[in-house]
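Data from query_12.pdb: PDB, C-alpha atoms
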ATOM      1  CA  MET A   1      11.481 -10.777  11.806
ATOM      2  CA  THR A   2       7.847 -11.691  11.242
ATOM      3  CA  PHE A   3       4.989  -9.325  10.418
ATOM      4  CA  GLU A   4       1.378 -10.038  11.291
ATOM      5  CA  PHE A   5      -1.625  -8.878   9.312
ATOM      6  CA  ASP A   6      -5.312  -9.204  10.127
ATOM      7  CA  PRO A   7      -7.666  -9.423   7.143
ATOM      8  CA  ILE A   8     -10.048  -6.502   6.676
ATOM      9  CA  GLY A   9     -12.759  -8.732   5.175
ATOM     10  CA  VAL A  10     -13.374 -11.599   2.763
ATOM     11  CA  ILE A  11     -13.817 -11.950  -0.971
ATOM     12  CA  ARG A  12     -17.005 -13.599  -2.207
ATOM     13  CA  THR A  13     -16.809 -15.450  -5.525
ATOM     14  CA  PRO A  14     -18.648 -18.374  -7.142
ATOM     15  CA  TYR A  15     -15.412 -20.417  -7.061
ATOM     16  CA  THR A  16     -15.446 -23.080  -4.390
ATOM     17  CA  ASP A  17     -13.470 -25.920  -5.978
ATOM     18  CA  SER A  18     -11.474 -24.320  -8.750
ATOM     19  CA  ALA A  19     -10.623 -20.773  -9.746
ATOM     20  CA  PRO A  20      -9.167 -19.212 -12.890
ATOM     21  CA  TYR A  21      -5.517 -18.171 -13.004
ATOM     22  CA  GLN A  22      -6.275 -14.520 -13.637
ATOM     23  CA  PRO A  23      -9.352 -12.326 -13.247
ATOM     24  CA  ILE A  24     -11.906 -12.904 -15.994
ATOM     25  CA  ALA A  25     -13.507  -9.518 -16.400
ATOM     26  CA  ASP A  26     -16.811 -10.686 -17.830
ATOM     27  CA  ASP A  27     -17.215 -13.886 -15.853
ATOM     28  CA  GLU A  28     -20.812 -14.463 -14.812
ATOM     29  CA  GLY A  29     -21.683 -14.557 -11.181
ATOM     30  CA  ASP A  30     -21.471 -12.596  -8.013
ATOM     31  CA  PHE A  31     -18.097 -11.138  -7.125
ATOM     32  CA  ARG A  32     -17.833  -8.878  -4.115
ATOM     33  CA  ILE A  33     -15.377  -7.802  -1.481
ATOM     34  CA  ALA A  34     -17.106  -7.696   1.882
ATOM     35  CA  LEU A  35     -15.158  -5.639   4.388
ATOM     36  CA  ASP A  36     -15.804  -5.841   8.101
ATOM     37  CA  ALA A  37     -18.445  -3.237   8.930
ATOM     38  CA  ARG A  38     -15.962  -1.074  10.865
ATOM     39  CA  PHE A  39     -14.046  -0.413   7.614
ATOM     40  CA  ALA A  40     -17.074   0.795   5.616
ATOM     41  CA  ALA A  41     -16.124   4.485   5.898
ATOM     42  CA  GLY A  42     -12.751   3.651   4.346
ATOM     43  CA  LEU A  43     -14.547   3.107   1.009
ATOM     44  CA  SER A  44     -15.683   6.721   0.707
ATOM     45  CA  GLU A  45     -14.937   8.120  -2.801
ATOM     46  CA  LEU A  46     -13.668   4.736  -3.996
ATOM     47  CA  ASP A  47     -16.447   4.426  -6.580
ATOM     48  CA  ALA A  48     -14.934   7.371  -8.471
ATOM     49  CA  PHE A  49     -12.210   4.986  -9.641
ATOM     50  CA  ARG A  50     -12.641   2.427 -12.388
ATOM     51  CA  TYR A  51     -10.157  -0.176 -11.129
ATOM     52  CA  ILE A  52      -8.754  -1.278  -7.798
ATOM     53  CA  TYR A  53      -5.875  -3.370  -6.626
ATOM     54  CA  VAL A  54      -7.003  -6.139  -4.320
ATOM     55  CA  LEU A  55      -4.372  -7.629  -2.017
ATOM     56  CA  TYR A  56      -5.337 -10.925  -0.426
ATOM     57  CA  VAL A  57      -3.989 -14.006   1.258
ATOM     58  CA  ILE A  58      -3.651 -17.018  -1.044
ATOM     59  CA  ASP A  59      -4.840 -19.274   1.758
ATOM     60  CA  ARG A  60      -5.869 -22.390  -0.162
ATOM     61  CA  VAL A  61      -2.442 -23.327  -1.462
ATOM     62  CA  ALA A  62      -0.775 -26.054   0.590
ATOM     63  CA  GLU A  63       2.144 -26.672  -1.772
ATOM     64  CA  LYS A  64       5.586 -25.595  -0.581
ATOM     65  CA  PRO A  65       7.103 -22.852  -2.742
ATOM     66  CA  SER A  66      10.176 -23.613  -4.796
ATOM     67  CA  MET A  67      12.462 -21.070  -6.411
ATOM     68  CA  THR A  68      11.663 -22.065  -9.977
ATOM     69  CA  VAL A  69       8.246 -22.660 -11.480
ATOM     70  CA  PRO A  70       7.585 -24.826 -14.553
ATOM     71  CA  ILE A  71       5.195 -23.085 -16.941
ATOM     72  CA  HIS A  72       3.033 -25.935 -18.181
ATOM     73  CA  TRP A  73       1.532 -24.050 -21.127
ATOM     74  CA  ALA A  74       5.017 -23.003 -22.269
ATOM     75  CA  GLY A  75       6.626 -26.406 -22.648
ATOM     76  CA  ASP A  76       7.495 -26.532 -18.938
ATOM     77  CA  LYS A  77       9.943 -23.689 -19.325
ATOM     78  CA  ALA A  78      11.333 -22.989 -15.839
ATOM     79  CA  VAL A  79      11.270 -19.403 -14.598
ATOM     80  CA  GLY A  80      12.048 -17.898 -11.210
ATOM     81  CA  VAL A  81       9.068 -17.703  -8.869
ATOM     82  CA  PHE A  82       9.470 -13.889  -8.705
ATOM     83  CA  ALA A  83       9.364 -13.771 -12.516
ATOM     84  CA  SER A  84       5.994 -15.540 -12.362
ATOM     85  CA  ARG A  85       2.533 -14.867 -11.002
ATOM     86  CA  SER A  86       2.366 -18.375  -9.527
ATOM     87  CA  PRO A  87       0.180 -18.567  -6.402
ATOM     88  CA  VAL A  88       2.809 -20.805  -4.782
ATOM     89  CA  ARG A  89       5.300 -18.211  -3.483
ATOM     90  CA  PRO A  90       7.336 -17.571  -0.335
ATOM     91  CA  ASN A  91       4.775 -15.034   0.901
ATOM     92  CA  PRO A  92       1.370 -16.069  -0.472
ATOM     93  CA  ILE A  93       0.039 -12.568  -1.068
ATOM     94  CA  GLY A  94      -2.151 -12.245  -4.141
ATOM     95  CA  LEU A  95      -2.598  -9.114  -6.206
ATOM     96  CA  SER A  96      -5.483  -8.690  -8.647
ATOM     97  CA  ILE A  97      -6.783  -5.719 -10.570
ATOM     98  CA  VAL A  98     -10.555  -5.642 -10.960
ATOM     99  CA  GLN A  99     -13.204  -3.210 -12.070
ATOM    100  CA  ILE A 100     -15.494  -1.613  -9.535
ATOM    101  CA  ARG A 101     -19.132  -2.130 -10.428
ATOM    102  CA  GLN A 102     -20.664  -0.606  -7.315
ATOM    103  CA  VAL A 103     -19.857   0.239  -3.724
ATOM    104  CA  VAL A 104     -22.700  -0.509  -1.311
ATOM    105  CA  GLY A 105     -22.099   0.020   2.386
ATOM    106  CA  ASN A 106     -19.137  -2.131   3.362
ATOM    107  CA  GLU A 107     -19.117  -4.073   0.085
ATOM    108  CA  ILE A 108     -17.452  -3.544  -3.288
ATOM    109  CA  VAL A 109     -19.176  -5.321  -6.163
ATOM    110  CA  THR A 110     -16.490  -6.111  -8.766
ATOM    111  CA  SER A 111     -15.769  -7.735 -12.082
ATOM    112  CA  GLY A 112     -14.487 -11.321 -12.018
ATOM    113  CA  LEU A 113     -11.906 -12.068  -9.344
ATOM    114  CA  ASP A 114      -9.533 -15.008  -9.645
ATOM    115  CA  VAL A 115      -9.792 -16.284  -6.068
ATOM    116  CA  PHE A 116     -11.707 -18.839  -4.061
ATOM    117  CA  ASP A 117     -14.802 -17.851  -2.163
ATOM    118  CA  GLY A 118     -13.897 -16.784   1.359
ATOM    119  CA  THR A 119     -10.401 -15.529   0.530
ATOM    120  CA  PRO A 120      -9.158 -13.130   3.233
ATOM    121  CA  VAL A 121      -8.519  -9.624   1.895
ATOM    122  CA  LEU A 122      -5.669  -7.502   3.257
ATOM    123  CA  ASP A 123      -5.942  -4.197   1.425
ATOM    124  CA  ILE A 124      -7.705  -2.265  -1.336
ATOM    125  CA  LYS A 125      -5.887   0.483  -3.244
ATOM    126  CA  PRO A 126      -7.135   2.645  -6.106
ATOM    127  CA  TYR A 127      -5.529   1.995  -9.493
ATOM    128  CA  ILE A 128      -4.495   5.411 -10.804
ATOM    129  CA  ASP A 129      -3.691   6.269 -14.417
ATOM    130  CA  GLU A 130      -0.157   7.656 -15.003
ATOM    131  CA  LEU A 131       1.009   6.057 -11.763
ATOM    132  CA  ASP A 132       0.014   2.458 -12.490
ATOM    133  CA  ALA A 133      -0.657   2.183 -16.223
ATOM    134  CA  LYS A 134       2.620   1.359 -17.999
ATOM    135  CA  PRO A 135       1.866   1.045 -21.701
ATOM    136  CA  ASP A 136       5.507   0.184 -22.419
ATOM    137  CA  ALA A 137       5.580  -2.765 -20.005
ATOM    138  CA  GLY A 138       5.962  -5.577 -22.516
ATOM    139  CA  PHE A 139       5.602  -9.265 -21.756
ATOM    140  CA  GLY A 140       9.012 -10.315 -20.420
ATOM    141  CA  TRP A 141       9.837 -13.957 -21.046
ATOM    142  CA  LEU A 142       6.248 -14.505 -22.166
ATOM    143  CA  GLY A 143       6.979 -12.331 -25.185
ATOM    144  CA  ASP A 144       9.622 -14.798 -26.393
ATOM    145  CA  LEU A 145       7.088 -17.566 -26.744
ATOM    146  CA  ASP A 146       5.464 -18.476 -30.054
ATOM    147  CA  ASP A 147       1.739 -18.281 -30.558
ATOM    148  CA  ARG A 148       0.922 -14.928 -29.077
ATOM    149  CA  GLU A 149      -2.854 -15.340 -29.344
ATOM    150  CA  HIS A 150      -2.762 -18.496 -27.287
ATOM    151  CA  LEU A 151      -0.406 -16.858 -24.822
ATOM    152  CA  LEU A 152      -2.797 -13.975 -24.281
ATOM    153  CA  LEU A 153      -5.564 -16.375 -23.330
ATOM    154  CA  HIS A 154      -3.276 -17.663 -20.597
ATOM    155  CA  ILE A 155      -2.211 -14.201 -19.491
ATOM    156  CA  LYS A 156      -5.822 -13.157 -19.236
ATOM    157  CA  GLY A 157      -6.830 -16.443 -17.616
ATOM    158  CA  VAL A 158      -9.447 -17.179 -20.255
ATOM    159  CA  PRO A 159     -10.363 -20.886 -20.156
ATOM    160  CA  HIS A 160      -9.817 -22.578 -23.523
ATOM    161  CA  PRO A 161      -9.624 -26.195 -24.627
ATOM    162  CA  TYR A 162      -6.202 -26.307 -26.318
TER     163      TYR A 162
ATOM    164  CA  MET B   1      -7.539 -14.775  12.094
ATOM    165  CA  THR B   2      -4.012 -13.439  11.741
ATOM    166  CA  PHE B   3      -1.558 -14.207   8.966
ATOM    167  CA  GLU B   4       2.199 -14.075   9.393
ATOM    168  CA  PHE B   5       4.696 -13.166   6.724
ATOM    169  CA  ASP B   6       8.471 -13.238   6.813
ATOM    170  CA  PRO B   7      10.265 -10.721   4.610
ATOM    171  CA  ILE B   8      12.289 -12.149   1.737
ATOM    172  CA  GLY B   9      14.838  -9.314   1.901
ATOM    173  CA  VAL B  10      15.250  -5.569   2.317
ATOM    174  CA  ILE B  11      15.041  -2.555   0.052
ATOM    175  CA  ARG B  12      18.070  -0.290  -0.124
ATOM    176  CA  THR B  13      17.442   3.398  -0.903
ATOM    177  CA  PRO B  14      19.179   6.704  -0.142
ATOM    178  CA  TYR B  15      16.177   7.749   2.005
ATOM    179  CA  THR B  16      16.917   7.577   5.706
ATOM    180  CA  ASP B  17      14.918  10.510   7.103
ATOM    181  CA  SER B  18      12.313  11.313   4.476
ATOM    182  CA  ALA B  19      11.026   9.575   1.373
ATOM    183  CA  PRO B  20       8.900  10.712  -1.571
ATOM    184  CA  TYR B  21       5.214   9.773  -1.741
ATOM    185  CA  GLN B  22       5.551   7.855  -4.979
ATOM    186  CA  PRO B  23       8.461   6.331  -6.891
ATOM    187  CA  ILE B  24      10.504   8.951  -8.727
ATOM    188  CA  ALA B  25      11.746   7.104 -11.772
ATOM    189  CA  ASP B  26      14.811   9.214 -12.437
ATOM    190  CA  ASP B  27      15.815   9.969  -8.859
ATOM    191  CA  GLU B  28      19.562   9.891  -8.406
ATOM    192  CA  GLY B  29      21.111   7.353  -6.126
ATOM    193  CA  ASP B  30      21.318   3.686  -5.470
ATOM    194  CA  PHE B  31      18.059   1.772  -5.342
ATOM    195  CA  ARG B  32      18.154  -1.982  -4.978
ATOM    196  CA  ILE B  33      16.144  -4.850  -3.609
ATOM    197  CA  ALA B  34      18.435  -7.252  -1.806
ATOM    198  CA  LEU B  35      16.816 -10.647  -1.328
ATOM    199  CA  ASP B  36      18.126 -13.183   1.129
ATOM    200  CA  ALA B  37      20.670 -15.331  -0.715
ATOM    201  CA  ARG B  38      18.405 -18.394  -0.592
ATOM    202  CA  PHE B  39      15.894 -16.617  -2.857
ATOM    203  CA  ALA B  40      18.402 -15.717  -5.600
ATOM    204  CA  ALA B  41      17.222 -18.488  -7.951
ATOM    205  CA  GLY B  42      13.701 -17.051  -7.742
ATOM    206  CA  LEU B  43      14.904 -14.105  -9.844
ATOM    207  CA  SER B  44      15.681 -16.217 -12.907
ATOM    208  CA  GLU B  45      14.199 -14.644 -16.089
ATOM    209  CA  LEU B  46      13.003 -11.581 -14.161
ATOM    210  CA  ASP B  47      15.284  -9.259 -16.126
ATOM    211  CA  ALA B  48      13.230  -9.970 -19.262
ATOM    212  CA  PHE B  49      10.549  -7.718 -17.774
ATOM    213  CA  ARG B  50      10.669  -3.939 -17.768
ATOM    214  CA  TYR B  51       8.668  -3.310 -14.573
ATOM    215  CA  ILE B  52       7.995  -5.133 -11.347
ATOM    216  CA  TYR B  53       5.540  -4.817  -8.510
ATOM    217  CA  VAL B  54       7.284  -4.558  -5.172
ATOM    218  CA  LEU B  55       5.235  -5.463  -2.097
ATOM    219  CA  TYR B  56       6.748  -4.338   1.177
ATOM    220  CA  VAL B  57       5.975  -3.593   4.798
ATOM    221  CA  ILE B  58       5.469   0.090   5.568
ATOM    222  CA  ASP B  59       7.316  -0.359   8.842
ATOM    223  CA  ARG B  60       8.247   3.247   9.679
ATOM    224  CA  VAL B  61       4.715   4.552  10.142
ATOM    225  CA  ALA B  62       3.649   4.749  13.790
ATOM    226  CA  GLU B  63       0.419   6.677  13.230
ATOM    227  CA  LYS B  64      -2.820   4.797  13.845
ATOM    228  CA  PRO B  65      -4.919   4.409  10.687
ATOM    229  CA  SER B  66      -8.229   6.197  10.447
ATOM    230  CA  MET B  67     -10.971   5.478   7.950
ATOM    231  CA  THR B  68     -10.740   8.832   6.192
ATOM    232  CA  VAL B  69      -7.647  10.612   5.015
ATOM    233  CA  PRO B  70      -7.369  14.367   4.471
ATOM    234  CA  ILE B  71      -5.605  15.136   1.206
ATOM    235  CA  HIS B  72      -3.468  18.155   2.070
ATOM    236  CA  TRP B  73      -2.682  19.153  -1.498
ATOM    237  CA  ALA B  74      -6.390  19.007  -2.383
ATOM    238  CA  GLY B  75      -7.773  21.443   0.164
ATOM    239  CA  ASP B  76      -7.930  18.750   2.850
ATOM    240  CA  LYS B  77     -10.630  16.922   0.935
ATOM    241  CA  ALA B  78     -11.424  13.787   2.968
ATOM    242  CA  VAL B  79     -11.423  10.455   1.141
ATOM    243  CA  GLY B  80     -11.684   6.894   2.392
ATOM    244  CA  VAL B  81      -8.363   5.288   3.244
ATOM    245  CA  PHE B  82      -9.023   2.569   0.625
ATOM    246  CA  ALA B  83      -9.627   5.299  -1.979
ATOM    247  CA  SER B  84      -6.146   6.648  -1.184
ATOM    248  CA  ARG B  85      -2.570   5.471  -1.400
ATOM    249  CA  SER B  86      -1.851   6.765   2.091
ATOM    250  CA  PRO B  87       0.865   4.778   3.885
ATOM    251  CA  VAL B  88      -1.243   4.885   7.060
ATOM    252  CA  ARG B  89      -3.645   1.995   6.465
ATOM    253  CA  PRO B  90      -5.120  -0.928   8.415
ATOM    254  CA  ASN B  91      -2.593  -3.341   6.895
ATOM    255  CA  PRO B  92       0.574  -1.367   6.139
ATOM    256  CA  ILE B  93       1.484  -3.185   2.949
ATOM    257  CA  GLY B  94       3.050  -0.975   0.293
ATOM    258  CA  LEU B  95       2.861  -1.536  -3.442
ATOM    259  CA  SER B  96       5.212   0.208  -5.855
ATOM    260  CA  ILE B  97       5.908  -0.272  -9.531
ATOM    261  CA  VAL B  98       9.526   0.265 -10.532
ATOM    262  CA  GLN B  99      11.720  -0.338 -13.516
ATOM    263  CA  ILE B 100      14.300  -3.084 -13.440
ATOM    264  CA  ARG B 101      17.752  -1.802 -14.300
ATOM    265  CA  GLN B 102      19.705  -4.979 -13.659
ATOM    266  CA  VAL B 103      19.489  -8.264 -11.794
ATOM    267  CA  VAL B 104      22.773  -9.311 -10.189
ATOM    268  CA  GLY B 105      22.794 -12.443  -8.049
ATOM    269  CA  ASN B 106      20.251 -11.934  -5.290
ATOM    270  CA  GLU B 107      19.800  -8.221  -6.011
ATOM    271  CA  ILE B 108      17.517  -6.229  -8.295
ATOM    272  CA  VAL B 109      18.820  -2.768  -9.181
ATOM    273  CA  THR B 110      15.779  -0.553  -9.820
ATOM    274  CA  SER B 111      14.599   2.939 -10.661
ATOM    275  CA  GLY B 112      13.644   5.206  -7.752
ATOM    276  CA  LEU B 113      11.653   3.524  -4.980
ATOM    277  CA  ASP B 114       9.510   5.529  -2.583
ATOM    278  CA  VAL B 115      10.522   3.783   0.636
ATOM    279  CA  PHE B 116      12.959   4.191   3.476
ATOM    280  CA  ASP B 117      16.262   2.392   3.440
ATOM    281  CA  GLY B 118      15.923  -1.006   5.110
ATOM    282  CA  THR B 119      12.244  -1.517   4.269
ATOM    283  CA  PRO B 120      11.322  -5.219   4.506
ATOM    284  CA  VAL B 121      10.187  -6.661   1.172
ATOM    285  CA  LEU B 122       7.455  -9.312   1.006
ATOM    286  CA  ASP B 123       7.128 -10.185  -2.657
ATOM    287  CA  ILE B 124       8.202  -9.310  -6.193
ATOM    288  CA  LYS B 125       5.867  -9.899  -9.139
ATOM    289  CA  PRO B 126       6.384  -9.151 -12.829
ATOM    290  CA  TYR B 127       4.244  -6.361 -14.276
ATOM    291  CA  ILE B 128       2.722  -7.781 -17.448
ATOM    292  CA  ASP B 129       1.219  -5.784 -20.300
ATOM    293  CA  GLU B 130      -2.463  -6.556 -21.052
ATOM    294  CA  LEU B 131      -2.910  -7.947 -17.543
ATOM    295  CA  ASP B 132      -1.750  -4.910 -15.560
ATOM    296  CA  ALA B 133      -1.753  -1.927 -17.920
ATOM    297  CA  LYS B 134      -5.214  -0.328 -17.882
ATOM    298  CA  PRO B 135      -5.112   2.655 -20.231
ATOM    299  CA  ASP B 136      -8.768   3.475 -19.397
ATOM    300  CA  ALA B 137      -8.170   3.671 -15.635
ATOM    301  CA  GLY B 138      -8.773   7.381 -15.146
ATOM    302  CA  PHE B 139      -7.970   9.344 -12.015
ATOM    303  CA  GLY B 140     -10.993   8.776  -9.756
ATOM    304  CA  TRP B 141     -11.619  11.640  -7.339
ATOM    305  CA  LEU B 142      -8.268  13.121  -8.318
ATOM    306  CA  GLY B 143      -9.705  13.804 -11.766
ATOM    307  CA  ASP B 144     -12.319  16.128 -10.286
ATOM    308  CA  LEU B 145      -9.677  18.471  -8.920
ATOM    309  CA  ASP B 146      -8.622  21.639 -10.691
ATOM    310  CA  ASP B 147      -5.072  22.186 -11.819
ATOM    311  CA  ARG B 148      -4.286  18.895 -13.464
ATOM    312  CA  GLU B 149      -0.595  19.657 -14.034
ATOM    313  CA  HIS B 150      -0.050  20.256 -10.356
ATOM    314  CA  LEU B 151      -2.041  17.176  -9.508
ATOM    315  CA  LEU B 152       0.159  15.027 -11.719
ATOM    316  CA  LEU B 153       3.243  16.149  -9.831
ATOM    317  CA  HIS B 154       1.607  14.806  -6.689
ATOM    318  CA  ILE B 155       0.477  11.606  -8.324
ATOM    319  CA  LYS B 156       3.978  11.003  -9.587
ATOM    320  CA  GLY B 157       5.523  12.080  -6.295
ATOM    321  CA  VAL B 158       7.669  14.758  -7.925
ATOM    322  CA  PRO B 159       8.869  17.236  -5.287
ATOM    323  CA  HIS B 160       7.856  20.810  -6.116
ATOM    324  CA  PRO B 161       7.750  24.030  -4.149
ATOM    325  CA  TYR B 162       4.107  25.084  -4.604
TER     326      TYR B 162
END
The structure given in the file should be rewritten as structure tokens.
Amino acid sequence: MTFEFDPIGVIRTPYTDSAPYQPIADDEGDFRIALDARFAAGLSELDAFRYIYVLYVIDRVAEKPSMTVPIHWAGDKAVGVFASRSPVRPNPIGLSIVQIRQVVGNEIVTSGLDVFDGTPVLDIKPYIDELDAKPDAGFGWLGDLDDREHLLLHIKGVPHPY
Amino acid sequence: MTFEFDPIGVIRTPYTDSAPYQPIADDEGDFRIALDARFAAGLSELDAFRYIYVLYVIDRVAEKPSMTVPIHWAGDKAVGVFASRSPVRPNPIGLSIVQIRQVVGNEIVTSGLDVFDGTPVLDIKPYIDELDAKPDAGFGWLGDLDDREHLLLHIKGVPHPY
């Protein structure tokens, strides 16, 4: 069985040739989610929230997914694709959490978003404390790695030279 | 432009006729995500995480989405559909966070999941501390409502008689 989804708009970012692995909250530049005009009323009250989930189509990945993913910055440790946030997955649906800066008409101005300019967006959901914030989450297999500081740069997608 | 996605498996829950609005962590019963056998290797290392995101198709909703949603337990306050977690949305993609109890072969045994039995699953992603836990998220428009205790029951999807 196949399900079809039509994007509700596109994501605008400064990234045309390369994009970070995770959202960089304080990245410079213009980040906005531009919904089709007919969805503008669906944004009512959204600016009362601090964060949103953005669901989008990872449409610039041509690679075929495989069941295990080598983590390059962890000595090529192989983990299952569903235990990773790799963009190369059976269903290329991306999920990012970003801060809302402003809602103007049919557009949401956001903090840094880790996607290419023109990425099709499927859904926006409010991120709600208690429901979504899990302070006891831990780091899974990432927590077993040495060098936690370095690890956190990768988790947060912060570019760094080593 | 339309994008097509094929489910990677189905979600098994005790809910055949009605389901809660949000995951109920300690609900009794058997909750599991059964992936197609060919995806079993994709679960390697997943059990090192405490929580996962489950992305699924909300396939039992026939209602047509509208841009504003009346919140019945908040005096029918109308909010934009993208400022709500309503299951009736332009792209009926559901997102739930659940605890992993056990991974056995191609199945993930989880805490309570707020979906009907047989719901098609699209993706599983690990929930990672620092990246996904936002302790400063707040409650958006929900925070403006009176009766916070009552509100939290709704946020958490806990059934209650008042």
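Among the candidates A:Ser44, A:Thr119, A:Thr110, A:Ser86, the one nearest to chain B when counting all atoms listed in the file is A:Ser44.
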query = When the cut-off is 7 Å and we count all atoms listed in the file, which residues of chain A are near chain B, given as a PyMOL selection string?
reply = chain A and resi 1-6+39+41-46+48-51+67-68+79-85+91+122-129+131+133-135+137-141+155-156
Take the residues just selected and output them with C-alpha atoms as a JSON list (two decimals), in the frame of the given file.
[["chain", "number", "residue", "atom", "x", "y", "z"],
["A", 1, "MET", "CA", 11.48, -10.78, 11.81],
["A", 2, "THR", "CA", 7.85, -11.69, 11.24],
["A", 3, "PHE", "CA", 4.99, -9.32, 10.42],
["A", 4, "GLU", "CA", 1.38, -10.04, 11.29],
["A", 5, "PHE", "CA", -1.62, -8.88, 9.31],
["A", 6, "ASP", "CA", -5.31, -9.20, 10.13],
["A", 39, "PHE", "CA", -14.05, -0.41, 7.61],
["A", 41, "ALA", "CA", -16.12, 4.49, 5.90],
["A", 42, "GLY", "CA", -12.75, 3.65, 4.35],
["A", 43, "LEU", "CA", -14.55, 3.11, 1.01],
["A", 44, "SER", "CA", -15.68, 6.72, 0.71],
["A", 45, "GLU", "CA", -14.94, 8.12, -2.80],
["A", 46, "LEU", "CA", -13.67, 4.74, -4.00],
["A", 48, "ALA", "CA", -14.93, 7.37, -8.47],
["A", 49, "PHE", "CA", -12.21, 4.99, -9.64],
["A", 50, "ARG", "CA", -12.64, 2.43, -12.39],
["A", 51, "TYR", "CA", -10.16, -0.18, -11.13],
["A", 67, "MET", "CA", 12.46, -21.07, -6.41],
["A", 68, "THR", "CA", 11.66, -22.06, -9.98],
["A", 79, "VAL", "CA", 11.27, -19.40, -14.60],
["A", 80, "GLY", "CA", 12.05, -17.90, -11.21],
["A", 81, "VAL", "CA", 9.07, -17.70, -8.87],
["A", 82, "PHE", "CA", 9.47, -13.89, -8.70],
["A", 83, "ALA", "CA", 9.36, -13.77, -12.52],
["A", 84, "SER", "CA", 5.99, -15.54, -12.36],
["A", 85, "ARG", "CA", 2.53, -14.87, -11.00],
["A", 91, "ASN", "CA", 4.78, -15.03, 0.90],
["A", 122, "LEU", "CA", -5.67, -7.50, 3.26],
["A", 123, "ASP", "CA", -5.94, -4.20, 1.42],
["A", 124, "ILE", "CA", -7.70, -2.26, -1.34],
["A", 125, "LYS", "CA", -5.89, 0.48, -3.24],
["A", 126, "PRO", "CA", -7.14, 2.64, -6.11],
["A", 127, "TYR", "CA", -5.53, 2.00, -9.49],
["A", 128, "ILE", "CA", -4.50, 5.41, -10.80],
["A", 129, "ASP", "CA", -3.69, 6.27, -14.42],
["A", 131, "LEU", "CA", 1.01, 6.06, -11.76],
["A", 133, "ALA", "CA", -0.66, 2.18, -16.22],
["A", 134, "LYS", "CA", 2.62, 1.36, -18.00],
["A", 135, "PRO", "CA", 1.87, 1.04, -21.70],
["A", 137, "ALA", "CA", 5.58, -2.76, -20.00],
["A", 138, "GLY", "CA", 5.96, -5.58, -22.52],
["A", 139, "PHE", "CA", 5.60, -9.26, -21.76],
["A", 140, "GLY", "CA", 9.01, -10.32, -20.42],
["A", 141, "TRP", "CA", 9.84, -13.96, -21.05],
["A", 155, "ILE", "CA", -2.21, -14.20, -19.49],
["A", 156, "LYS", "CA", -5.82, -13.16, -19.24]]
re CA of Val10 in chain A and CA of Glu107 in chain A: distance 9.8 Å
What are the centre and the three edge lengths of an axis-aligned box that wraps all atoms of range 52-71 of chain B in the file, given that 6 Å is added to every side, written as lines of an AutoDock Vina configuration file and rounded to one decimal in Å?
center_x = -1.4
center_y = 4.8
center_z = 1.2
size_x = 31.2
size_y = 32.6
size_z = 37.2
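We find CA of Ser111 in chain A and CA of Trp73 in chain A to be spaced 25.4 Å apart.
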Output check: residues returned by the PyMOL selection byres ((chain B and resi 118) around 10), as a PyMOL selection string:
chain B and resi 9-16+33-34+59-60+115-117+119-121
What separates CA of Arg101 in chain B and CA of Ala19 in chain B is a distance of 20.5 Å
